[in-house]
file run_32.pdb (PDB, C-alpha atoms)
ATOM      1  CA  MET A  20      -9.110 -11.668 -15.410
ATOM      2  CA  ALA A  21      -6.290 -13.049 -17.481
ATOM      3  CA  LEU A  22      -2.754 -11.878 -17.947
ATOM      4  CA  LYS A  23      -2.323 -10.170 -21.341
ATOM      5  CA  PRO A  24       0.028 -11.057 -22.867
ATOM      6  CA  PRO A  25       1.134 -14.227 -21.074
ATOM      7  CA  VAL A  26       4.726 -14.488 -19.847
ATOM      8  CA  THR A  27       7.336 -14.669 -22.616
ATOM      9  CA  ASN A  28      11.108 -14.832 -22.650
ATOM     10  CA  LEU A  29      11.174 -11.030 -22.877
ATOM     11  CA  ASP A  30      10.013 -10.948 -19.264
ATOM     12  CA  HIS A  31      12.319 -10.901 -16.267
ATOM     13  CA  ILE A  32      11.990 -14.345 -14.759
ATOM     14  CA  GLN A  33      13.422 -15.571 -11.483
ATOM     15  CA  GLY A  34      13.404 -19.175 -10.296
ATOM     16  CA  ASN A  35      12.570 -22.471 -11.972
ATOM     17  CA  SER A  36      11.150 -21.839 -15.441
ATOM     18  CA  ASN A  37       9.196 -25.122 -15.274
ATOM     19  CA  ALA A  38       7.675 -24.466 -11.860
ATOM     20  CA  SER A  39       4.000 -25.297 -11.304
ATOM     21  CA  ILE A  40       3.357 -21.818  -9.899
ATOM     22  CA  GLU A  41       3.890 -18.770 -12.078
ATOM     23  CA  LEU A  42       3.605 -15.540 -10.132
ATOM     24  CA  VAL A  43       3.594 -12.223 -11.985
ATOM     25  CA  GLU A  44       3.789  -8.950 -10.104
ATOM     26  CA  TYR A  45       3.008  -5.542 -11.587
ATOM     27  CA  GLY A  46       4.888  -3.134  -9.378
ATOM     28  CA  ASP A  47       6.086   0.448  -8.955
ATOM     29  CA  TYR A  48       9.466   1.064  -7.308
ATOM     30  CA  GLN A  49       8.176   4.054  -5.386
ATOM     31  CA  CYS A  50       4.976   2.442  -4.142
ATOM     32  CA  PRO A  51       5.221   1.775  -0.389
ATOM     33  CA  TYR A  52       2.935  -1.273  -0.572
ATOM     34  CA  CYS A  53       5.199  -2.765  -3.222
ATOM     35  CA  ALA A  54       8.240  -2.249  -1.002
ATOM     36  CA  GLU A  55       6.487  -4.127   1.812
ATOM     37  CA  PHE A  56       5.384  -6.769  -0.615
ATOM     38  CA  TYR A  57       8.966  -7.216  -1.833
ATOM     39  CA  TYR A  58       9.695  -9.042   1.424
ATOM     40  CA  VAL A  59       6.577 -11.191   1.049
ATOM     41  CA  ILE A  60       7.866 -12.297  -2.360
ATOM     42  CA  LYS A  61      11.266 -13.141  -0.860
ATOM     43  CA  GLU A  62       9.538 -15.296   1.736
ATOM     44  CA  LEU A  63       7.341 -16.994  -0.879
ATOM     45  CA  GLN A  64      10.457 -17.799  -2.894
ATOM     46  CA  ASN A  65      12.076 -19.106   0.234
ATOM     47  CA  GLN A  66       9.170 -21.379   1.123
ATOM     48  CA  LEU A  67       8.170 -22.548  -2.345
ATOM     49  CA  GLY A  68      11.677 -23.027  -3.743
ATOM     50  CA  THR A  69      11.703 -24.704  -7.152
ATOM     51  CA  ASN A  70       7.897 -24.737  -7.242
ATOM     52  CA  LEU A  71       7.863 -21.002  -7.947
ATOM     53  CA  LYS A  72       8.632 -18.947 -10.992
ATOM     54  CA  PHE A  73       8.515 -15.194 -10.329
ATOM     55  CA  ILE A  74       8.091 -12.482 -12.953
ATOM     56  CA  PHE A  75       8.201  -8.727 -12.413
ATOM     57  CA  ARG A  76       6.542  -6.247 -14.786
ATOM     58  CA  ASN A  77       6.811  -2.466 -14.497
ATOM     59  CA  PHE A  78       3.803  -0.376 -13.561
ATOM     60  CA  PRO A  79       5.163   3.070 -12.632
ATOM     61  CA  LEU A  80       2.349   5.432 -11.597
ATOM     62  CA  GLU A  81       2.657   9.119 -12.425
ATOM     63  CA  MET A  82       1.849  10.085  -8.860
ATOM     64  CA  HIS A  83       5.295   8.737  -7.947
ATOM     65  CA  PRO A  84       7.769  11.144  -9.559
ATOM     66  CA  ASN A  85      10.816   8.838  -9.361
ATOM     67  CA  ALA A  86       9.091   5.598 -10.332
ATOM     68  CA  LEU A  87       9.516   5.853 -14.100
ATOM     69  CA  HIS A  88      13.251   6.536 -14.061
ATOM     70  CA  ALA A  89      13.724   3.815 -11.472
ATOM     71  CA  ALA A  90      11.929   1.345 -13.749
ATOM     72  CA  ILE A  91      13.972   2.391 -16.789
ATOM     73  CA  ALA A  92      17.157   2.002 -14.714
ATOM     74  CA  THR A  93      16.316  -1.648 -13.970
ATOM     75  CA  GLU A  94      15.799  -2.267 -17.686
ATOM     76  CA  VAL A  95      19.184  -0.681 -18.433
ATOM     77  CA  LEU A  96      20.802  -2.917 -15.826
ATOM     78  CA  ALA A  97      19.072  -5.917 -17.414
ATOM     79  CA  LYS A  98      21.337  -5.358 -20.415
ATOM     80  CA  TYR A  99      24.219  -6.260 -18.085
ATOM     81  CA  ASN A 100      22.353  -9.198 -16.522
ATOM     82  CA  LYS A 101      21.811  -7.155 -13.380
ATOM     83  CA  PHE A 102      18.061  -6.691 -13.488
ATOM     84  CA  TRP A 103      17.343  -8.590 -10.270
ATOM     85  CA  PRO A 104      20.202  -7.088  -8.224
ATOM     86  CA  MET A 105      18.997  -3.613  -9.292
ATOM     87  CA  HIS A 106      15.371  -4.539  -8.542
ATOM     88  CA  ASP A 107      16.378  -5.605  -5.024
ATOM     89  CA  MET A 108      18.569  -2.547  -4.544
ATOM     90  CA  LEU A 109      15.674  -0.201  -5.360
ATOM     91  CA  TYR A 110      13.148  -1.853  -3.071
ATOM     92  CA  GLU A 111      15.670  -2.050  -0.261
ATOM     93  CA  ASN A 112      16.474   1.657  -0.639
ATOM     94  CA  GLN A 113      13.071   2.995  -1.595
ATOM     95  CA  ALA A 114      13.538   6.330   0.153
ATOM     96  CA  TYR A 115      16.412   7.141  -2.214
ATOM     97  CA  LEU A 116      15.323   6.920  -5.826
ATOM     98  CA  HIS A 117      16.558  10.195  -7.284
ATOM     99  CA  ASP A 118      18.503  10.069 -10.534
ATOM    100  CA  LYS A 119      21.810  10.464  -8.717
ATOM    101  CA  ASN A 120      20.939   7.512  -6.457
ATOM    102  CA  LEU A 121      20.120   5.384  -9.515
ATOM    103  CA  ILE A 122      23.572   6.170 -10.938
ATOM    104  CA  ASN A 123      25.160   5.172  -7.621
ATOM    105  CA  TYR A 124      23.331   1.856  -7.550
ATOM    106  CA  ALA A 125      24.294   1.125 -11.154
ATOM    107  CA  GLU A 126      27.944   1.823 -10.301
ATOM    108  CA  LYS A 127      27.771  -0.460  -7.283
ATOM    109  CA  LEU A 128      26.556  -3.192  -9.631
ATOM    110  CA  GLY A 129      29.419  -2.599 -12.037
ATOM    111  CA  VAL A 130      27.942  -0.233 -14.650
ATOM    112  CA  ASN A 131      29.812   3.073 -14.724
ATOM    113  CA  GLU A 132      28.065   6.433 -14.818
ATOM    114  CA  GLN A 133      28.922   7.256 -18.401
ATOM    115  CA  GLN A 134      27.744   3.896 -19.694
ATOM    116  CA  PHE A 135      24.582   4.061 -17.615
ATOM    117  CA  GLU A 136      23.689   7.555 -18.808
ATOM    118  CA  GLN A 137      24.312   6.648 -22.406
ATOM    119  CA  ASP A 138      22.060   3.576 -22.145
ATOM    120  CA  PHE A 139      19.453   5.517 -20.238
ATOM    121  CA  LYS A 140      18.946   7.771 -23.272
ATOM    122  CA  ASP A 141      18.334   4.771 -25.531
ATOM    123  CA  LYS A 142      14.576   4.783 -26.016
ATOM    124  CA  SER A 143      14.265   1.004 -26.116
ATOM    125  CA  PHE A 144      14.474   0.751 -22.318
ATOM    126  CA  ALA A 145      11.709   3.299 -21.783
ATOM    127  CA  ASP A 146       9.687   1.480 -24.451
ATOM    128  CA  LYS A 147       9.987  -1.782 -22.537
ATOM    129  CA  VAL A 148       8.623  -0.067 -19.415
ATOM    130  CA  GLU A 149       5.749   1.415 -21.404
ATOM    131  CA  LYS A 150       4.937  -1.980 -22.891
ATOM    132  CA  ASP A 151       4.822  -3.514 -19.428
ATOM    133  CA  PHE A 152       2.556  -0.707 -18.276
ATOM    134  CA  GLU A 153       0.181  -1.147 -21.192
ATOM    135  CA  SER A 154       0.019  -4.893 -20.653
ATOM    136  CA  GLY A 155      -0.912  -4.151 -17.041
ATOM    137  CA  LEU A 156      -3.754  -1.872 -18.137
ATOM    138  CA  ARG A 157      -5.056  -4.571 -20.453
ATOM    139  CA  SER A 158      -4.763  -7.216 -17.772
ATOM    140  CA  GLY A 159      -6.880  -5.192 -15.351
ATOM    141  CA  VAL A 160      -4.200  -3.930 -12.974
ATOM    142  CA  ASN A 161      -6.092  -1.725 -10.532
ATOM    143  CA  GLY A 162      -3.400  -0.708  -8.105
ATOM    144  CA  THR A 163       0.115  -1.673  -7.140
ATOM    145  CA  PRO A 164       1.149  -4.289  -6.431
ATOM    146  CA  SER A 165      -1.168  -6.462  -8.575
ATOM    147  CA  LEU A 166      -0.514 -10.186  -8.780
ATOM    148  CA  TYR A 167      -1.332 -12.830 -11.378
ATOM    149  CA  ILE A 168      -1.000 -16.454 -10.402
ATOM    150  CA  ASN A 169      -0.912 -18.976 -13.249
ATOM    151  CA  ASN A 170      -2.308 -16.344 -15.635
ATOM    152  CA  LYS A 171      -5.236 -15.303 -13.446
ATOM    153  CA  LYS A 172      -5.590 -12.107 -11.442
ATOM    154  CA  TYR A 173      -5.207 -12.793  -7.741
ATOM    155  CA  GLU A 174      -8.057 -11.036  -5.910
ATOM    156  CA  GLY A 175      -7.296 -12.151  -2.358
ATOM    157  CA  GLU A 176      -5.431 -10.482   0.456
ATOM    158  CA  TYR A 177      -1.797  -9.570  -0.132
ATOM    159  CA  SER A 178      -0.414 -11.320   2.931
ATOM    160  CA  LEU A 179       2.018 -14.235   2.960
ATOM    161  CA  ASP A 180      -0.540 -16.548   4.587
ATOM    162  CA  ALA A 181      -3.359 -15.700   2.228
ATOM    163  CA  ILE A 182      -1.189 -16.171  -0.845
ATOM    164  CA  LEU A 183       0.234 -19.472   0.408
ATOM    165  CA  THR A 184      -3.263 -20.738   1.139
ATOM    166  CA  TYR A 185      -4.324 -19.821  -2.397
ATOM    167  CA  ILE A 186      -1.257 -21.438  -3.953
ATOM    168  CA  LYS A 187      -1.184 -24.770  -2.034
ATOM    169  CA  PRO A 188      -3.948 -26.504  -4.048
ATOM    170  CA  LEU A 189      -2.173 -25.484  -7.256
ATOM    171  CA  LEU A 190       1.077 -27.234  -6.355
TER
ATOM    172  CA  MET B   6     -27.285   3.066 -14.896
ATOM    173  CA  LEU B   7     -28.374   4.681 -18.151
ATOM    174  CA  LYS B   8     -28.667   2.411 -21.160
ATOM    175  CA  ASN B   9     -26.403   2.350 -24.182
ATOM    176  CA  SER B  10     -27.449   4.245 -27.341
ATOM    177  CA  ILE B  11     -29.177   7.089 -25.502
ATOM    178  CA  LYS B  12     -27.909  10.646 -25.456
ATOM    179  CA  ALA B  13     -25.693  11.411 -22.482
ATOM    180  CA  PRO B  14     -27.315  14.129 -20.327
ATOM    181  CA  ASP B  15     -25.442  17.408 -20.702
ATOM    182  CA  PHE B  16     -23.986  19.200 -17.680
ATOM    183  CA  LYS B  17     -21.951  22.218 -16.736
ATOM    184  CA  LEU B  18     -19.810  21.790 -13.621
ATOM    185  CA  SER B  19     -16.802  23.432 -12.000
ATOM    186  CA  ALA B  20     -13.521  21.843 -13.030
ATOM    187  CA  THR B  21     -11.277  24.270 -11.152
ATOM    188  CA  PRO B  22     -12.081  27.113  -8.748
ATOM    189  CA  ASP B  23     -12.498  29.466 -11.723
ATOM    190  CA  LYS B  24     -13.444  27.263 -14.665
ATOM    191  CA  GLN B  25     -16.570  25.358 -15.661
ATOM    192  CA  ILE B  26     -16.743  22.510 -18.154
ATOM    193  CA  SER B  27     -19.768  21.254 -20.039
ATOM    194  CA  LEU B  28     -20.147  17.913 -21.766
ATOM    195  CA  SER B  29     -21.371  19.530 -25.001
ATOM    196  CA  GLU B  30     -18.073  21.339 -25.553
ATOM    197  CA  PHE B  31     -16.410  17.989 -26.266
ATOM    198  CA  ILE B  32     -18.536  17.040 -29.277
ATOM    199  CA  GLY B  33     -16.264  15.224 -31.728
ATOM    200  CA  LYS B  34     -14.195  13.724 -28.935
ATOM    201  CA  LYS B  35     -14.891  10.522 -27.079
ATOM    202  CA  ILE B  36     -15.430  10.934 -23.352
ATOM    203  CA  ILE B  37     -14.775   8.597 -20.472
ATOM    204  CA  LEU B  38     -16.812   9.806 -17.531
ATOM    205  CA  VAL B  39     -15.545   8.358 -14.265
ATOM    206  CA  PHE B  40     -17.918   8.710 -11.291
ATOM    207  CA  TYR B  41     -16.242   7.935  -7.964
ATOM    208  CA  PRO B  42     -17.329   8.178  -4.320
ATOM    209  CA  ALA B  43     -14.875  10.645  -2.829
ATOM    210  CA  ASP B  44     -11.589  12.501  -3.069
ATOM    211  CA  TRP B  45      -8.926  11.210  -0.653
ATOM    212  CA  SER B  46     -10.242   7.697  -0.121
ATOM    213  CA  PRO B  47      -7.511   5.166  -0.960
ATOM    214  CA  VAL B  48      -9.366   3.092  -3.540
ATOM    215  CA  CYS B  49     -10.409   6.139  -5.546
ATOM    216  CA  GLY B  50      -6.863   7.410  -5.452
ATOM    217  CA  ASP B  51      -5.731   4.221  -7.107
ATOM    218  CA  GLU B  52      -8.452   4.259  -9.720
ATOM    219  CA  LEU B  53      -7.824   7.862 -10.735
ATOM    220  CA  ALA B  54      -4.046   7.433 -10.562
ATOM    221  CA  ILE B  55      -4.312   4.596 -13.056
ATOM    222  CA  PHE B  56      -6.525   6.602 -15.389
ATOM    223  CA  SER B  57      -4.081   9.485 -15.131
ATOM    224  CA  SER B  58      -1.079   7.270 -15.824
ATOM    225  CA  SER B  59      -2.915   5.824 -18.864
ATOM    226  CA  LEU B  60      -3.600   9.167 -20.527
ATOM    227  CA  LYS B  61      -1.004   8.612 -23.218
ATOM    228  CA  LEU B  62      -2.794   5.478 -24.345
ATOM    229  CA  PHE B  63      -6.229   7.121 -24.240
ATOM    230  CA  GLU B  64      -5.045  10.213 -26.101
ATOM    231  CA  LYS B  65      -4.118   7.983 -29.035
ATOM    232  CA  TYR B  66      -7.848   7.275 -29.299
ATOM    233  CA  ASN B  67      -8.901  10.946 -29.091
ATOM    234  CA  VAL B  68     -10.448  10.472 -25.676
ATOM    235  CA  GLN B  69     -11.039  13.002 -22.914
ATOM    236  CA  ILE B  70     -11.266  11.623 -19.385
ATOM    237  CA  LEU B  71     -13.425  13.451 -16.837
ATOM    238  CA  GLY B  72     -13.616  12.480 -13.169
ATOM    239  CA  ILE B  73     -16.724  13.414 -11.213
ATOM    240  CA  SER B  74     -17.734  13.267  -7.548
ATOM    241  CA  VAL B  75     -19.801  15.307  -5.092
ATOM    242  CA  ASP B  76     -16.702  16.908  -3.536
ATOM    243  CA  SER B  77     -16.265  20.675  -3.848
ATOM    244  CA  LYS B  78     -14.044  22.368  -6.404
ATOM    245  CA  TRP B  79     -11.630  23.258  -3.584
ATOM    246  CA  SER B  80     -11.308  19.664  -2.467
ATOM    247  CA  HIS B  81     -10.814  18.602  -6.092
ATOM    248  CA  ALA B  82      -8.087  21.217  -6.589
ATOM    249  CA  ALA B  83      -6.125  20.009  -3.557
ATOM    250  CA  PHE B  84      -6.662  16.336  -4.325
ATOM    251  CA  SER B  85      -5.700  16.718  -7.954
ATOM    252  CA  GLU B  86      -2.521  18.592  -7.031
ATOM    253  CA  ASN B  87      -1.632  16.007  -4.395
ATOM    254  CA  ARG B  88      -2.129  13.023  -6.723
ATOM    255  CA  LYS B  89      -0.749  14.823  -9.802
ATOM    256  CA  LEU B  90      -3.865  14.002 -11.822
ATOM    257  CA  LYS B  91      -3.762  15.160 -15.417
ATOM    258  CA  PHE B  92      -7.460  15.275 -16.251
ATOM    259  CA  PRO B  93     -10.251  17.472 -14.861
ATOM    260  CA  LEU B  94     -12.248  16.526 -11.766
ATOM    261  CA  LEU B  95     -15.769  17.917 -11.857
ATOM    262  CA  ALA B  96     -17.596  19.044  -8.737
ATOM    263  CA  ASP B  97     -21.149  17.640  -8.617
ATOM    264  CA  PHE B  98     -21.542  19.712  -5.491
ATOM    265  CA  GLU B  99     -24.529  22.049  -5.722
ATOM    266  CA  PRO B 100     -27.252  20.893  -5.927
ATOM    267  CA  LYS B 101     -25.465  17.918  -4.467
ATOM    268  CA  GLY B 102     -25.155  14.932  -6.761
ATOM    269  CA  ALA B 103     -27.609  16.320  -9.355
ATOM    270  CA  ILE B 104     -25.598  15.042 -12.318
ATOM    271  CA  SER B 105     -24.753  11.735 -10.655
ATOM    272  CA  ILE B 106     -28.505  11.264 -10.100
ATOM    273  CA  LYS B 107     -29.192  11.987 -13.800
ATOM    274  CA  TYR B 108     -26.640   9.350 -14.735
ATOM    275  CA  GLU B 109     -28.145   6.902 -12.212
ATOM    276  CA  ALA B 110     -24.799   6.790 -10.430
ATOM    277  CA  TYR B 111     -25.731   8.242  -7.046
ATOM    278  CA  SER B 112     -26.166   6.473  -3.745
ATOM    279  CA  THR B 113     -28.654   8.108  -1.386
ATOM    280  CA  ALA B 114     -27.431   5.802   1.375
ATOM    281  CA  THR B 115     -23.931   7.276   1.373
ATOM    282  CA  GLY B 116     -24.655  10.650  -0.208
ATOM    283  CA  THR B 117     -21.913  10.101  -2.773
ATOM    284  CA  SER B 118     -21.531   9.135  -6.389
ATOM    285  CA  LYS B 119     -21.255   5.433  -7.071
ATOM    286  CA  ARG B 120     -18.201   3.964  -8.772
ATOM    287  CA  ALA B 121     -19.365   4.023 -12.372
ATOM    288  CA  ILE B 122     -17.783   4.526 -15.776
ATOM    289  CA  TYR B 123     -19.517   5.732 -18.970
ATOM    290  CA  LEU B 124     -18.006   5.740 -22.440
ATOM    291  CA  ILE B 125     -19.603   8.453 -24.599
ATOM    292  CA  ASP B 126     -18.908   8.725 -28.333
ATOM    293  CA  GLY B 127     -18.120  11.835 -30.372
ATOM    294  CA  MET B 128     -21.849  12.454 -30.985
ATOM    295  CA  GLY B 129     -22.620  12.480 -27.272
ATOM    296  CA  ILE B 130     -24.206   9.010 -27.233
ATOM    297  CA  ILE B 131     -23.587   6.543 -24.404
ATOM    298  CA  ARG B 132     -21.876   3.475 -25.846
ATOM    299  CA  TRP B 133     -20.780   1.496 -22.793
ATOM    300  CA  SER B 134     -21.042   1.672 -19.036
ATOM    301  CA  TYR B 135     -19.935  -0.217 -15.992
ATOM    302  CA  LEU B 136     -20.967  -0.072 -12.357
ATOM    303  CA  SER B 137     -18.405  -1.416  -9.906
ATOM    304  CA  PRO B 138     -18.874  -2.202  -6.203
ATOM    305  CA  ASP B 139     -17.817   0.862  -4.148
ATOM    306  CA  ASN B 140     -14.820  -0.858  -2.602
ATOM    307  CA  ILE B 141     -13.476  -2.373  -5.798
ATOM    308  CA  ASN B 142     -11.397  -0.353  -8.157
ATOM    309  CA  PRO B 143     -12.323  -1.444 -11.678
ATOM    310  CA  GLY B 144      -9.023  -0.752 -13.492
ATOM    311  CA  VAL B 145      -9.126   0.450 -17.094
ATOM    312  CA  ASP B 146      -9.208  -2.806 -19.071
ATOM    313  CA  GLY B 147     -13.016  -2.837 -19.443
ATOM    314  CA  VAL B 148     -13.293   0.642 -20.872
ATOM    315  CA  LEU B 149     -10.205   0.101 -23.011
ATOM    316  CA  ASP B 150     -11.814  -2.963 -24.620
ATOM    317  CA  ALA B 151     -15.076  -1.045 -25.102
ATOM    318  CA  LEU B 152     -13.186   1.810 -26.715
ATOM    319  CA  GLU B 153     -11.403  -0.498 -29.118
ATOM    320  CA  ASN B 154     -14.717  -2.179 -30.038
ATOM    321  CA  LEU B 155     -16.236   1.236 -30.685
ATOM    322  CA  ILE B 156     -13.377   2.230 -32.961
ATOM    323  CA  GLY B 157     -13.519  -1.166 -34.700
ATOM    324  CA  GLU B 158     -17.173  -0.572 -35.628
ATOM    325  CA  LYS B 159     -16.317   2.359 -37.871
TER
END
call {"tool": "encode", "arguments": {"input": "run_32.pdb", "output": "structure tokens"}}
result
Amino acid sequence: MALKPPVTNLDHIQGNSNASIELVEYGDYQCPYCAEFYYVIKELQNQLGTNLKFIFRNFPLEMHPNALHAAIATEVLAKYNKFWPMHDMLYENQAYLHDKNLINYAEKLGVNEQQFEQDFKDKSFADKVEKDFESGLRSGVNGTPSLYINNKKYEGEYSLDAILTYIKPLL
Amino acid sequence: MLKNSIKAPDFKLSATPDKQISLSEFIGKKIILVFYPADWSPVCGDELAIFSSSLKLFEKYNVQILGISVDSKWSHAAFSENRKLKFPLLADFEPKGAISIKYEAYSTATGTSKRAIYLIDGMGIIRWSYLSPDNINPGVDGVLDALENLIGEK
């Protein structure tokens, strides 16, 4: 199954934009498997270095009551070039994702409460999350996390070893 | 699985401890009928959670989603509350699996519904179906494409 739409410059991209491996994750900030997988991604980035380009797309499930606001908060922080620090902050503090925690994290990253709340009300950030979600539905996301490697859905095991084994021939 | 273009068999099943739902009451609305093996198993949870989170998109297309398994209405009520599902789960409980059998989506080996999806149009006609392996959650892209094709035909 293919990634729809493919990665564009509207996506949040980390790493070498010309890398031979393009890894897209659809994730939910409140999903425990995604929080575990966050560390797998860090290790993949560590091992693959400039061979890896990593993209994160939002897929907040309704069964996780704080996931949507958490996702919108990362999009707000993206306006201040702090998407990735916020992303990391949320996965590293997954037990604390209430609105007041999100405000705290934003402040720690240099966006004050008033500014954050004002941006949060701007519908464009929620729209971005919804667009990500819809693209996930169309790409066949069937749980979180779901991975796409070089445009194709990754159907293997979500362990570091399994992913590295899959990626090696593509390098 | 039943073939496309035939009339979807009607049914009347419990949706909550005190409410029954029949297929015929949805005439005029498109239906996505999601058969799944069991409440509480992790794969099903994911599948239904994704359908539930996609409701906004499906509502744009005037679609009603109905989940269906052989679990009891009491199990469904607890499961639905736990997973915050926003569409009805029907109990194909007594006689066990009767509707799943009619839709050729029942496994006698496991005594549960198979993992199958039917798209039924506003006239009650089956327009698309998909049978997935029990342990693989199909996602919603297949039925979404089928739905858009169906709307494109008009």
call {"tool": "closest_residue", "arguments": {"input": "run_32.pdb", "among": "B:Asp150, B:Ile73, B:Phe40, B:Lys34", "to": "Ala110 in chain B", "atoms": "only C-alpha atoms"}}
result
B:Phe40
call {"tool": "closest_atom_pairs", "arguments": {"input": "run_32.pdb", "of": "range 21-67 of chain A", "to": "range 81-91 of chain A", "cutoff": "9 Å", "atoms": "all atoms listed in the file", "output": "tab-separated table"}}
result
residue	atom	partner	partner_atom	distance
A:Asp47	CA	A:Ala86	CA	6.1
A:Tyr48	CA	A:Ala86	CA	5.5
A:Gln49	CA	A:Ala86	CA	5.3
A:Cys50	CA	A:His83	CA	7.4
call {"tool": "residues_near_point", "arguments": {"input": "run_32.pdb", "point": "(2.2, -1.9, -13.9)", "cutoff": "7 Å", "atoms": "all atoms listed in the file", "output": "PyMOL selection string"}}
result
chain A and resi 45-47+76-79+151-152+155+160
call {"tool": "interface_residues", "arguments": {"input": "run_32.pdb", "of": "chain A", "to": "chain B", "cutoff": "8 Å", "atoms": "only C-alpha atoms", "output": "MDAnalysis selection string"}}
result
chainID A and resid 80:82 153 156:162
call {"tool": "resolve_selection", "arguments": {"input": "run_32.pdb", "expression": "the PyMOL selection byres ((chain A and resi 130) around 12)", "output": "list of chain:residue names"}}
result
A:Ala92, A:Thr93, A:Val95, A:Leu96, A:Ala97, A:Lys98, A:Tyr99, A:Asn100, A:Lys101, A:Phe102, A:Met105, A:Leu121, A:Ile122, A:Asn123, A:Tyr124, A:Ala125, A:Glu126, A:Lys127, A:Leu128, A:Gly129, A:Asn131, A:Glu132, A:Gln133, A:Gln134, A:Phe135, A:Glu136, A:Gln137, A:Asp138, A:Phe139
call {"tool": "write_last_selection", "arguments": {"input": "run_32.pdb", "atoms": "C-alpha atoms", "output": "short mmCIF file (atom, residue, chain, number, x, y, z; two decimals), keeping the file's coordinate frame"}}
result
data_model
loop_
_atom_site.label_atom_id
_atom_site.label_comp_id
_atom_site.auth_asym_id
_atom_site.auth_seq_id
_atom_site.Cartn_x
_atom_site.Cartn_y
_atom_site.Cartn_z
CA ALA A 92 17.16 2.00 -14.71
CA THR A 93 16.32 -1.65 -13.97
CA VAL A 95 19.18 -0.68 -18.43
CA LEU A 96 20.80 -2.92 -15.83
CA ALA A 97 19.07 -5.92 -17.41
CA LYS A 98 21.34 -5.36 -20.42
CA TYR A 99 24.22 -6.26 -18.08
CA ASN A 100 22.35 -9.20 -16.52
CA LYS A 101 21.81 -7.16 -13.38
CA PHE A 102 18.06 -6.69 -13.49
CA MET A 105 19.00 -3.61 -9.29
CA LEU A 121 20.12 5.38 -9.52
CA ILE A 122 23.57 6.17 -10.94
CA ASN A 123 25.16 5.17 -7.62
CA TYR A 124 23.33 1.86 -7.55
CA ALA A 125 24.29 1.12 -11.15
CA GLU A 126 27.94 1.82 -10.30
CA LYS A 127 27.77 -0.46 -7.28
CA LEU A 128 26.56 -3.19 -9.63
CA GLY A 129 29.42 -2.60 -12.04
CA ASN A 131 29.81 3.07 -14.72
CA GLU A 132 28.06 6.43 -14.82
CA GLN A 133 28.92 7.26 -18.40
CA GLN A 134 27.74 3.90 -19.69
CA PHE A 135 24.58 4.06 -17.61
CA GLU A 136 23.69 7.56 -18.81
CA GLN A 137 24.31 6.65 -22.41
CA ASP A 138 22.06 3.58 -22.14
CA PHE A 139 19.45 5.52 -20.24
#
call {"tool": "residues_around", "arguments": {"input": "run_32.pdb", "residues": "range 121-123 of chain B", "least_positions_apart": "6", "cutoff": "8 Å", "atoms": "all atoms listed in the file", "output": "MDAnalysis selection string"}}
result
chainID B and resid 36:41 110 131:137 148
call {"tool": "closest_residue", "arguments": {"input": "run_32.pdb", "among": "B:Leu7, B:Leu152, B:Ile130, B:Leu94", "to": "Ser29 in chain B", "atoms": "all atoms listed in the file"}}
result
B:Ile130
call {"tool": "residues_near_point", "arguments": {"input": "run_32.pdb", "point": "(0.9, -24.6, -7.5)", "cutoff": "12 Å", "atoms": "all atoms listed in the file", "output": "PDB file with C-alpha atoms, in the coordinates of the input"}}
result
ATOM      1  CA  ASN A  37       9.196 -25.122 -15.274  1.00  0.00           C
ATOM      2  CA  ALA A  38       7.675 -24.466 -11.860  1.00  0.00           C
ATOM      3  CA  SER A  39       4.000 -25.297 -11.304  1.00  0.00           C
ATOM      4  CA  ILE A  40       3.357 -21.818  -9.899  1.00  0.00           C
ATOM      5  CA  GLU A  41       3.890 -18.770 -12.078  1.00  0.00           C
ATOM      6  CA  LEU A  42       3.605 -15.540 -10.132  1.00  0.00           C
ATOM      7  CA  LEU A  63       7.341 -16.994  -0.879  1.00  0.00           C
ATOM      8  CA  LEU A  67       8.170 -22.548  -2.345  1.00  0.00           C
ATOM      9  CA  GLY A  68      11.677 -23.027  -3.743  1.00  0.00           C
ATOM     10  CA  THR A  69      11.703 -24.704  -7.152  1.00  0.00           C
ATOM     11  CA  ASN A  70       7.897 -24.737  -7.242  1.00  0.00           C
ATOM     12  CA  LEU A  71       7.863 -21.002  -7.947  1.00  0.00           C
ATOM     13  CA  LYS A  72       8.632 -18.947 -10.992  1.00  0.00           C
ATOM     14  CA  ILE A 168      -1.000 -16.454 -10.402  1.00  0.00           C
ATOM     15  CA  ASN A 169      -0.912 -18.976 -13.249  1.00  0.00           C
ATOM     16  CA  ILE A 182      -1.189 -16.171  -0.845  1.00  0.00           C
ATOM     17  CA  LEU A 183       0.234 -19.472   0.408  1.00  0.00           C
ATOM     18  CA  THR A 184      -3.263 -20.738   1.139  1.00  0.00           C
ATOM     19  CA  TYR A 185      -4.324 -19.821  -2.397  1.00  0.00           C
ATOM     20  CA  ILE A 186      -1.257 -21.438  -3.953  1.00  0.00           C
ATOM     21  CA  LYS A 187      -1.184 -24.770  -2.034  1.00  0.00           C
ATOM     22  CA  PRO A 188      -3.948 -26.504  -4.048  1.00  0.00           C
ATOM     23  CA  LEU A 189      -2.173 -25.484  -7.256  1.00  0.00           C
ATOM     24  CA  LEU A 190       1.077 -27.234  -6.355  1.00  0.00           C
TER      25      LEU A 190
END
